file work-v6.cif (mmCIF, C-alpha atoms)
data_coords
#
loop_
_atom_site.group_PDB
_atom_site.id
_atom_site.type_symbol
_atom_site.label_atom_id
_atom_site.label_comp_id
_atom_site.auth_asym_id
_atom_site.auth_seq_id
_atom_site.Cartn_x
_atom_site.Cartn_y
_atom_site.Cartn_z
ATOM 1 C CA MET A 505 60.047 20.922 -9.478
ATOM 2 C CA ASN A 506 59.735 19.500 -6.002
ATOM 3 C CA PHE A 507 56.503 17.780 -4.971
ATOM 4 C CA PRO A 508 55.465 17.447 -1.313
ATOM 5 C CA ARG A 509 56.050 14.039 0.163
ATOM 6 C CA PHE A 510 53.353 12.208 2.145
ATOM 7 C CA SER A 511 54.043 9.323 4.455
ATOM 8 C CA PRO A 512 51.995 6.105 4.021
ATOM 9 C CA VAL A 513 50.246 6.877 7.299
ATOM 10 C CA SER A 514 49.204 10.327 6.059
ATOM 11 C CA VAL A 515 47.894 8.901 2.788
ATOM 12 C CA LEU A 516 45.876 6.265 4.653
ATOM 13 C CA ALA A 517 44.429 8.864 7.029
ATOM 14 C CA LEU A 518 43.469 11.115 4.118
ATOM 15 C CA ALA A 519 41.778 8.242 2.246
ATOM 16 C CA THR A 520 39.855 7.230 5.376
ATOM 17 C CA ALA A 521 38.685 10.796 5.942
ATOM 18 C CA LEU A 522 37.472 11.098 2.350
ATOM 19 C CA LEU A 523 35.641 7.765 2.573
ATOM 20 C CA LEU A 524 33.922 8.664 5.831
ATOM 21 C CA GLY A 525 33.043 12.083 4.480
ATOM 22 C CA GLY A 526 31.457 10.524 1.398
ATOM 23 C CA CYS A 527 29.394 8.112 3.520
ATOM 24 C CA ALA A 528 28.226 10.894 5.802
ATOM 25 C CA SER A 529 27.094 13.048 2.879
ATOM 26 C CA ARG A 530 24.786 10.302 1.591
ATOM 27 C CA GLY A 531 22.855 10.070 4.865
ATOM 28 C CA PRO A 532 21.043 7.015 6.292
ATOM 29 C CA VAL A 533 20.071 4.230 3.919
ATOM 30 C CA PRO A 534 16.251 4.035 3.452
ATOM 31 C CA THR A 535 14.355 1.025 4.782
ATOM 32 C CA PHE A 536 11.800 -0.512 2.415
ATOM 33 C CA TYR A 537 8.520 -2.218 3.371
ATOM 34 C CA ASP A 538 5.695 -4.148 1.722
ATOM 35 C CA PHE A 539 2.700 -6.180 2.958
ATOM 36 C CA GLY A 540 4.641 -9.423 3.342
ATOM 37 C CA PRO A 541 3.282 -12.787 2.146
ATOM 38 C CA PRO A 542 -0.494 -13.228 2.547
ATOM 39 C CA ALA A 543 -1.482 -15.722 5.233
ATOM 40 C CA PRO A 544 -2.947 -18.879 3.627
ATOM 41 C CA GLN A 545 -5.500 -19.332 6.401
ATOM 42 C CA ALA A 546 -7.164 -16.030 5.474
ATOM 43 C CA ALA A 547 -8.876 -17.834 2.596
ATOM 44 C CA ALA A 548 -10.796 -19.987 5.086
ATOM 45 C CA VAL A 549 -13.040 -17.072 6.067
ATOM 46 C CA GLN A 550 -14.179 -16.565 2.474
ATOM 47 C CA PRO A 551 -17.304 -18.196 0.971
ATOM 48 C CA ALA A 552 -16.764 -21.755 -0.273
ATOM 49 C CA ALA A 553 -18.694 -21.147 -3.506
ATOM 50 C CA PRO A 554 -17.925 -17.703 -4.957
ATOM 51 C CA ALA A 555 -20.937 -15.792 -6.226
ATOM 52 C CA VAL A 556 -18.813 -14.336 -9.028
ATOM 53 C CA PRO A 557 -16.855 -17.187 -10.676
ATOM 54 C CA VAL A 558 -14.793 -14.873 -12.919
ATOM 55 C CA LEU A 559 -13.977 -11.257 -12.119
ATOM 56 C CA VAL A 560 -11.930 -8.577 -13.845
ATOM 57 C CA ILE A 561 -10.166 -6.383 -11.267
ATOM 58 C CA ALA A 562 -8.773 -3.111 -12.529
ATOM 59 C CA ASP A 563 -5.714 -1.586 -10.876
ATOM 60 C CA ALA A 564 -6.685 0.761 -8.058
ATOM 61 C CA ASN A 565 -6.981 4.496 -8.660
ATOM 62 C CA GLY A 566 -6.225 7.146 -6.070
ATOM 63 C CA PRO A 567 -4.612 10.504 -5.313
ATOM 64 C CA SER A 568 -1.183 11.210 -6.761
ATOM 65 C CA TRP A 569 0.584 10.956 -3.372
ATOM 66 C CA LEU A 570 -0.342 7.252 -3.271
ATOM 67 C CA ASP A 571 1.400 6.677 -6.585
ATOM 68 C CA SER A 572 4.871 7.078 -5.077
ATOM 69 C CA GLN A 573 6.971 4.955 -2.722
ATOM 70 C CA ARG A 574 6.852 7.429 0.160
ATOM 71 C CA MET A 575 5.235 6.351 3.443
ATOM 72 C CA TYR A 576 2.868 8.906 4.965
ATOM 73 C CA TYR A 577 1.474 9.455 8.445
ATOM 74 C CA ARG A 578 -0.824 11.952 10.162
ATOM 75 C CA LEU A 579 -0.571 13.409 13.673
ATOM 76 C CA LEU A 580 -4.275 13.549 14.512
ATOM 77 C CA TYR A 581 -3.514 15.049 17.920
ATOM 78 C CA ALA A 582 -1.568 17.953 16.370
ATOM 79 C CA ASP A 583 -2.714 18.655 12.792
ATOM 80 C CA ALA A 584 -5.014 16.098 11.149
ATOM 81 C CA GLN A 585 -5.020 18.045 7.871
ATOM 82 C CA GLN A 586 -1.284 17.610 7.315
ATOM 83 C CA SER A 587 0.084 14.430 5.758
ATOM 84 C CA ARG A 588 3.771 13.931 6.559
ATOM 85 C CA PRO A 589 6.264 11.596 4.822
ATOM 86 C CA TYR A 590 8.743 9.452 6.739
ATOM 87 C CA ALA A 591 12.281 10.637 6.043
ATOM 88 C CA TYR A 592 14.077 7.295 5.629
ATOM 89 C CA ASN A 593 11.306 4.742 5.122
ATOM 90 C CA ARG A 594 9.760 3.745 1.805
ATOM 91 C CA TRP A 595 7.362 1.224 0.276
ATOM 92 C CA ASN A 596 8.881 -1.279 -2.135
ATOM 93 C CA THR A 597 6.237 -0.258 -4.670
ATOM 94 C CA PRO A 598 3.605 2.521 -4.568
ATOM 95 C CA PRO A 599 0.645 1.821 -2.225
ATOM 96 C CA LEU A 600 -1.841 1.754 -5.117
ATOM 97 C CA GLN A 601 0.071 -1.175 -6.629
ATOM 98 C CA LEU A 602 0.493 -2.914 -3.263
ATOM 99 C CA LEU A 603 -3.220 -2.649 -2.507
ATOM 100 C CA SER A 604 -4.253 -3.740 -6.009
ATOM 101 C CA GLN A 605 -2.128 -6.875 -5.823
ATOM 102 C CA ARG A 606 -3.275 -7.727 -2.297
ATOM 103 C CA LEU A 607 -6.957 -7.469 -3.216
ATOM 104 C CA LYS A 608 -6.446 -9.598 -6.327
ATOM 105 C CA THR A 609 -4.617 -12.221 -4.273
ATOM 106 C CA ARG A 610 -7.341 -12.366 -1.614
ATOM 107 C CA VAL A 611 -10.143 -12.581 -4.177
ATOM 108 C CA ALA A 612 -8.301 -15.360 -6.016
ATOM 109 C CA GLN A 613 -7.826 -17.220 -2.713
ATOM 110 C CA SER A 614 -11.613 -17.313 -2.334
ATOM 111 C CA GLY A 615 -11.964 -19.338 -5.529
ATOM 112 C CA VAL A 616 -12.746 -16.528 -7.955
ATOM 113 C CA LYS A 617 -10.820 -16.553 -11.244
ATOM 114 C CA VAL A 618 -9.210 -13.107 -11.374
ATOM 115 C CA LEU A 619 -8.368 -11.505 -14.719
ATOM 116 C CA SER A 620 -6.713 -8.218 -15.600
ATOM 117 C CA THR A 621 -8.331 -5.660 -17.883
ATOM 118 C CA THR A 622 -6.001 -6.669 -20.722
ATOM 119 C CA ASP A 623 -6.977 -10.353 -20.488
ATOM 120 C CA ALA A 624 -10.725 -9.896 -20.056
ATOM 121 C CA ALA A 625 -13.359 -10.672 -22.617
ATOM 122 C CA ALA A 626 -16.242 -8.285 -23.255
ATOM 123 C CA GLY A 627 -19.169 -8.537 -20.866
ATOM 124 C CA MET A 628 -17.274 -9.940 -17.866
ATOM 125 C CA PRO A 629 -17.995 -8.360 -14.449
ATOM 126 C CA LEU A 630 -15.423 -5.661 -13.694
ATOM 127 C CA LEU A 631 -14.443 -4.389 -10.238
ATOM 128 C CA ARG A 632 -13.101 -0.870 -9.982
ATOM 129 C CA ILE A 633 -11.328 0.365 -6.840
ATOM 130 C CA ASP A 634 -10.910 4.044 -5.951
ATOM 131 C CA VAL A 635 -8.721 4.617 -2.873
ATOM 132 C CA ASP A 636 -9.502 7.631 -0.676
ATOM 133 C CA ASP A 637 -7.008 7.137 2.147
ATOM 134 C CA PHE A 638 -4.062 4.907 2.952
ATOM 135 C CA SER A 639 -2.019 6.222 5.858
ATOM 136 C CA GLN A 640 -0.774 5.700 9.388
ATOM 137 C CA ASN A 641 -2.701 7.860 11.859
ATOM 138 C CA PHE A 642 -1.247 8.815 15.261
ATOM 139 C CA ASP A 643 -3.846 9.461 17.975
ATOM 140 C CA THR A 644 -1.017 10.168 20.432
ATOM 141 C CA GLN A 645 2.773 10.174 20.227
ATOM 142 C CA THR A 646 2.855 6.457 21.084
ATOM 143 C CA GLN A 647 -0.408 5.093 19.631
ATOM 144 C CA SER A 648 -1.216 4.821 15.935
ATOM 145 C CA SER A 649 -3.224 2.763 13.474
ATOM 146 C CA GLY A 650 -3.192 1.942 9.782
ATOM 147 C CA HIS A 651 -6.246 3.341 8.007
ATOM 148 C CA VAL A 652 -7.497 2.282 4.567
ATOM 149 C CA SER A 653 -10.594 3.704 2.910
ATOM 150 C CA LEU A 654 -11.780 2.889 -0.611
ATOM 151 C CA ARG A 655 -14.811 2.794 -2.869
ATOM 152 C CA ALA A 656 -15.604 -0.376 -4.832
ATOM 153 C CA SER A 657 -17.790 -0.309 -7.952
ATOM 154 C CA LEU A 658 -18.938 -3.412 -9.800
ATOM 155 C CA PHE A 659 -19.795 -3.070 -13.484
ATOM 156 C CA ARG A 660 -21.121 -5.364 -16.185
ATOM 157 C CA GLY A 661 -20.431 -3.764 -19.518
ATOM 158 C CA HIS A 662 -21.278 -0.090 -19.005
ATOM 159 C CA ARG A 663 -23.895 -0.849 -16.375
ATOM 160 C CA LEU A 664 -23.200 -0.182 -12.691
ATOM 161 C CA ILE A 665 -24.355 -3.177 -10.620
ATOM 162 C CA ASP A 666 -23.543 -1.770 -7.190
ATOM 163 C CA GLN A 667 -21.131 0.478 -5.338
ATOM 164 C CA LYS A 668 -19.991 0.497 -1.716
ATOM 165 C CA THR A 669 -17.452 2.319 0.447
ATOM 166 C CA PHE A 670 -15.200 0.317 2.762
ATOM 167 C CA SER A 671 -13.107 1.638 5.633
ATOM 168 C CA ARG A 672 -10.873 -0.246 8.039
ATOM 169 C CA SER A 673 -8.363 0.658 10.759
ATOM 170 C CA ASP A 674 -5.945 -1.664 12.514
ATOM 171 C CA PRO A 675 -3.775 -0.745 15.532
ATOM 172 C CA ALA A 676 -0.020 -0.536 14.989
ATOM 173 C CA SER A 677 2.213 -2.630 17.224
ATOM 174 C CA SER A 678 4.830 0.138 17.357
ATOM 175 C CA ALA A 679 4.846 3.908 16.828
ATOM 176 C CA ASP A 680 7.058 3.829 13.750
ATOM 177 C CA ALA A 681 7.068 2.973 10.045
ATOM 178 C CA GLN A 682 7.380 -0.770 10.681
ATOM 179 C CA GLY A 683 4.289 -0.769 12.885
ATOM 180 C CA GLY A 684 2.455 1.321 10.304
ATOM 181 C CA ALA A 685 3.303 -1.069 7.477
ATOM 182 C CA GLN A 686 2.023 -4.053 9.469
ATOM 183 C CA ALA A 687 -1.168 -2.218 10.443
ATOM 184 C CA LEU A 688 -1.873 -1.131 6.863
ATOM 185 C CA ALA A 689 -1.385 -4.696 5.620
ATOM 186 C CA ALA A 690 -3.874 -5.955 8.226
ATOM 187 C CA ALA A 691 -6.394 -3.224 7.369
ATOM 188 C CA SER A 692 -6.073 -4.072 3.665
ATOM 189 C CA ASP A 693 -6.713 -7.765 4.372
ATOM 190 C CA ALA A 694 -9.789 -6.852 6.434
ATOM 191 C CA ILE A 695 -11.153 -4.754 3.578
ATOM 192 C CA ALA A 696 -10.535 -7.636 1.173
ATOM 193 C CA ALA A 697 -12.680 -9.878 3.404
ATOM 194 C CA ASP A 698 -15.422 -7.224 3.540
ATOM 195 C CA LEU A 699 -15.239 -6.856 -0.221
ATOM 196 C CA LEU A 700 -15.735 -10.583 -0.759
ATOM 197 C CA THR A 701 -18.690 -10.647 1.617
ATOM 198 C CA TRP A 702 -20.262 -7.785 -0.338
ATOM 199 C CA LEU A 703 -19.650 -9.488 -3.692
ATOM 200 C CA GLY A 704 -21.351 -12.604 -2.314
ATOM 201 C CA THR A 705 -24.587 -10.650 -1.781
ATOM 202 C CA LEU A 706 -24.825 -9.312 -5.329
ATOM 203 C CA THR A 707 -26.802 -10.719 -8.229
ATOM 204 C CA ILE A 708 -24.962 -10.288 -11.520
ATOM 205 C CA PRO A 709 -27.392 -9.891 -14.425
ATOM 206 C CA LYS A 710 -26.597 -11.735 -17.632
ATOM 207 C CA GLU A 711 -25.727 -9.850 -20.757
#

call {"tool": "encode", "arguments": {"input": "work-v6.cif", "output": "structure tokens"}}
result
Amino acid sequence: MNFPRFSPVSVLALATALLLGGCASRGPVPTFYDFGPPAPQAAAVQPAAPAVPVLVIADANGPSWLDSQRMYYRLLYADAQQSRPYAYNRWNTPPLQLLSQRLKTRVAQSGVKVLSTTDAAAGMPLLRIDVDDFSQNFDTQTQSSGHVSLRASLFRGHRLIDQKTFSRSDPASSADAQGGAQALAAASDAIAADLLTWLGTLTIPKE
């Protein structure tokens, strides 16, 4: 039986074509974002003597679309009711986890000893966070902002001490996913500062 013969040049060309075809079929490689390292100087704006010396902070709750790594944006000028995902941009971890960790870091920077629900003893003040919105909003095709809205509830045992809703927006430096990630990080830091100010006004009753 005779087999067809291929020259070395033909074999190389075929291999190159297959390689390029395989790369093209996979599409662009996603870009991943997070909040970046928290700025140390942000702690300077917090109260010197925390009103709550020890605080249990539960992981944030929120809608199911915030429990994935997809990055979402809204075109307020076109259809504010539609939330759209970026095609090739992702968060390193789901926004609920990113926001939970950022708030815990900021509260700890203020001097409060932060514990998780698994490490807490009975009767310690517990902060619960329920996230309503976490997205990049476009007012025009070239102008957008990162918007974060959440509800904070402070409990002692089964008793609700106080509850407050916080909302912050920060302008994006660019009309893309990178600008949105930076704006959402800034908005989250601003809410953390507001949260600490609120905690400083509360009186925690003893058990």

call {"tool": "atom_distance", "arguments": {"input": "work-v6.cif", "atom1": "CA of Ala697 in chain A", "atom2": "CA of Leu619 in chain A"}}
result
18.7 Å

call {"tool": "residues_around", "arguments": {"input": "work-v6.cif", "residues": "range 557-568 of chain A", "least_positions_apart": "6", "cutoff": "6 Å", "atoms": "all atoms listed in the file", "output": "ChimeraX atom specification"}}
result
/A:600,604,616-621,629-635

call {"tool": "resolve_selection", "arguments": {"input": "work-v6.cif", "expression": "the PyMOL selection byres ((chain A and resi 696) around 9)", "output": "list in words"}}
result
Arg606, Leu607, Lys608, Arg610, Val611, Ala691, Ser692, Asp693, Ala694, Ile695, Ala697, Asp698, Leu699, Leu700 and Thr701 of chain A

call {"tool": "atom_distance", "arguments": {"input": "work-v6.cif", "atom1": "CA of Leu703 in chain A", "atom2": "CA of Pro599 in chain A"}}
result
23.3 Å

call {"tool": "atom_distance", "arguments": {"input": "work-v6.cif", "atom1": "CA of Pro675 in chain A", "atom2": "CA of Ala687 in chain A"}}
result
5.9 Å

call {"tool": "closest_residue", "arguments": {"input": "work-v6.cif", "among": "A:Arg663, A:Arg594, A:Arg672, A:Arg578", "to": "Thr644 in chain A", "atoms": "all atoms listed in the file"}}
result
A:Arg578

call {"tool": "resolve_selection", "arguments": {"input": "work-v6.cif", "expression": "the PyMOL selection byres ((chain A and resi 651) around 7)", "output": "number ranges by chain"}}
result
A: 638-641, 649-650, 652-653, 672-674, 688, 691

call {"tool": "residues_around", "arguments": {"input": "work-v6.cif", "residues": "Ser587 in chain A", "least_positions_apart": "2", "cutoff": "12 Å", "atoms": "all atoms listed in the file", "output": "tab-separated table (two decimals) with C-alpha atoms, keeping the file's coordinate frame"}}
result
chain	number	residue	atom	x	y	z
A	569	TRP	CA	0.58	10.96	-3.37
A	570	LEU	CA	-0.34	7.25	-3.27
A	574	ARG	CA	6.85	7.43	0.16
A	575	MET	CA	5.24	6.35	3.44
A	576	TYR	CA	2.87	8.91	4.96
A	577	TYR	CA	1.47	9.46	8.44
A	578	ARG	CA	-0.82	11.95	10.16
A	579	LEU	CA	-0.57	13.41	13.67
A	580	LEU	CA	-4.28	13.55	14.51
A	582	ALA	CA	-1.57	17.95	16.37
A	583	ASP	CA	-2.71	18.66	12.79
A	584	ALA	CA	-5.01	16.10	11.15
A	585	GLN	CA	-5.02	18.05	7.87
A	589	PRO	CA	6.26	11.60	4.82
A	590	TYR	CA	8.74	9.45	6.74
A	637	ASP	CA	-7.01	7.14	2.15
A	638	PHE	CA	-4.06	4.91	2.95
A	639	SER	CA	-2.02	6.22	5.86
A	640	GLN	CA	-0.77	5.70	9.39
A	641	ASN	CA	-2.70	7.86	11.86
A	642	PHE	CA	-1.25	8.82	15.26

call {"tool": "closest_residue", "arguments": {"input": "work-v6.cif", "among": "A:Asn593, A:Ser657, A:Gln686, A:Thr705", "to": "Phe539 in chain A", "atoms": "only C-alpha atoms"}}
result
A:Gln686

call {"tool": "build_atoms", "arguments": {"input": "work-v6.cif", "residues": "range 643-662 of chain A", "atoms": "N, CA, C and O atoms", "output": "mmCIF file, in the coordinates of the input"}}
result
data_model
loop_
_atom_site.group_PDB
_atom_site.id
_atom_site.type_symbol
_atom_site.label_atom_id
_atom_site.label_comp_id
_atom_site.auth_asym_id
_atom_site.auth_seq_id
_atom_site.Cartn_x
_atom_site.Cartn_y
_atom_site.Cartn_z
ATOM 1 N N ASP A 643 -2.926 8.828 17.029
ATOM 2 C CA ASP A 643 -3.846 9.461 17.975
ATOM 3 C C ASP A 643 -3.076 10.160 19.094
ATOM 4 O O ASP A 643 -3.496 11.199 19.608
ATOM 5 N N THR A 644 -1.945 9.572 19.470
ATOM 6 C CA THR A 644 -1.017 10.168 20.432
ATOM 7 C C THR A 644 0.393 9.940 19.902
ATOM 8 O O THR A 644 0.577 9.355 18.836
ATOM 9 N N GLN A 645 1.389 10.371 20.665
ATOM 10 C CA GLN A 645 2.773 10.174 20.227
ATOM 11 C C GLN A 645 3.176 8.708 20.224
ATOM 12 O O GLN A 645 4.129 8.325 19.541
ATOM 13 N N THR A 646 2.471 7.868 20.964
ATOM 14 C CA THR A 646 2.855 6.457 21.084
ATOM 15 C C THR A 646 1.812 5.483 20.536
ATOM 16 O O THR A 646 2.064 4.291 20.494
ATOM 17 N N GLN A 647 0.651 5.970 20.128
ATOM 18 C CA GLN A 647 -0.408 5.093 19.631
ATOM 19 C C GLN A 647 -0.831 5.514 18.231
ATOM 20 O O GLN A 647 -1.147 6.683 17.994
ATOM 21 N N SER A 648 -0.831 4.534 17.311
ATOM 22 C CA SER A 648 -1.216 4.821 15.935
ATOM 23 C C SER A 648 -1.944 3.629 15.345
ATOM 24 O O SER A 648 -1.971 2.535 15.926
ATOM 25 N N SER A 649 -2.521 3.833 14.172
ATOM 26 C CA SER A 649 -3.224 2.763 13.474
ATOM 27 C C SER A 649 -3.074 2.966 11.974
ATOM 28 O O SER A 649 -2.824 4.083 11.495
ATOM 29 N N GLY A 650 -3.204 1.869 11.234
ATOM 30 C CA GLY A 650 -3.192 1.942 9.782
ATOM 31 C C GLY A 650 -4.616 2.067 9.282
ATOM 32 O O GLY A 650 -5.483 1.265 9.645
ATOM 33 N N HIS A 651 -4.876 3.076 8.483
ATOM 34 C CA HIS A 651 -6.246 3.341 8.007
ATOM 35 C C HIS A 651 -6.302 3.230 6.484
ATOM 36 O O HIS A 651 -5.504 3.840 5.779
ATOM 37 N N VAL A 652 -7.270 2.442 6.001
ATOM 38 C CA VAL A 652 -7.497 2.282 4.567
ATOM 39 C C VAL A 652 -8.965 2.553 4.288
ATOM 40 O O VAL A 652 -9.848 2.011 4.954
ATOM 41 N N SER A 653 -9.227 3.397 3.308
ATOM 42 C CA SER A 653 -10.594 3.704 2.910
ATOM 43 C C SER A 653 -10.665 3.681 1.383
ATOM 44 O O SER A 653 -9.819 4.292 0.708
ATOM 45 N N LEU A 654 -11.655 2.981 0.845
ATOM 46 C CA LEU A 654 -11.780 2.889 -0.611
ATOM 47 C C LEU A 654 -13.242 2.719 -1.013
ATOM 48 O O LEU A 654 -14.095 2.374 -0.213
ATOM 49 N N ARG A 655 -13.481 2.951 -2.290
ATOM 50 C CA ARG A 655 -14.811 2.794 -2.869
ATOM 51 C C ARG A 655 -14.737 1.734 -3.963
ATOM 52 O O ARG A 655 -13.918 1.833 -4.873
ATOM 53 N N ALA A 656 -15.585 0.720 -3.859
ATOM 54 C CA ALA A 656 -15.604 -0.376 -4.832
ATOM 55 C C ALA A 656 -16.854 -0.258 -5.696
ATOM 56 O O ALA A 656 -17.964 -0.059 -5.190
ATOM 57 N N SER A 657 -16.675 -0.381 -7.003
ATOM 58 C CA SER A 657 -17.790 -0.309 -7.952
ATOM 59 C C SER A 657 -17.740 -1.529 -8.859
ATOM 60 O O SER A 657 -16.693 -1.836 -9.448
ATOM 61 N N LEU A 658 -18.858 -2.227 -8.951
ATOM 62 C CA LEU A 658 -18.938 -3.412 -9.800
ATOM 63 C C LEU A 658 -19.757 -3.089 -11.048
ATOM 64 O O LEU A 658 -20.891 -2.619 -10.952
ATOM 65 N N PHE A 659 -19.150 -3.349 -12.209
ATOM 66 C CA PHE A 659 -19.795 -3.070 -13.484
ATOM 67 C C PHE A 659 -19.977 -4.358 -14.290
ATOM 68 O O PHE A 659 -19.217 -5.315 -14.133
ATOM 69 N N ARG A 660 -20.982 -4.341 -15.140
ATOM 70 C CA ARG A 660 -21.121 -5.364 -16.185
ATOM 71 C C ARG A 660 -21.362 -4.604 -17.473
ATOM 72 O O ARG A 660 -22.408 -3.982 -17.660
ATOM 73 N N GLY A 661 -20.377 -4.635 -18.367
ATOM 74 C CA GLY A 661 -20.431 -3.764 -19.518
ATOM 75 C C GLY A 661 -20.328 -2.322 -19.055
ATOM 76 O O GLY A 661 -19.439 -1.970 -18.286
ATOM 77 N N HIS A 662 -21.260 -1.484 -19.453
ATOM 78 C CA HIS A 662 -21.278 -0.090 -19.005
ATOM 79 C C HIS A 662 -22.315 0.121 -17.917
ATOM 80 O O HIS A 662 -22.614 1.263 -17.552
#
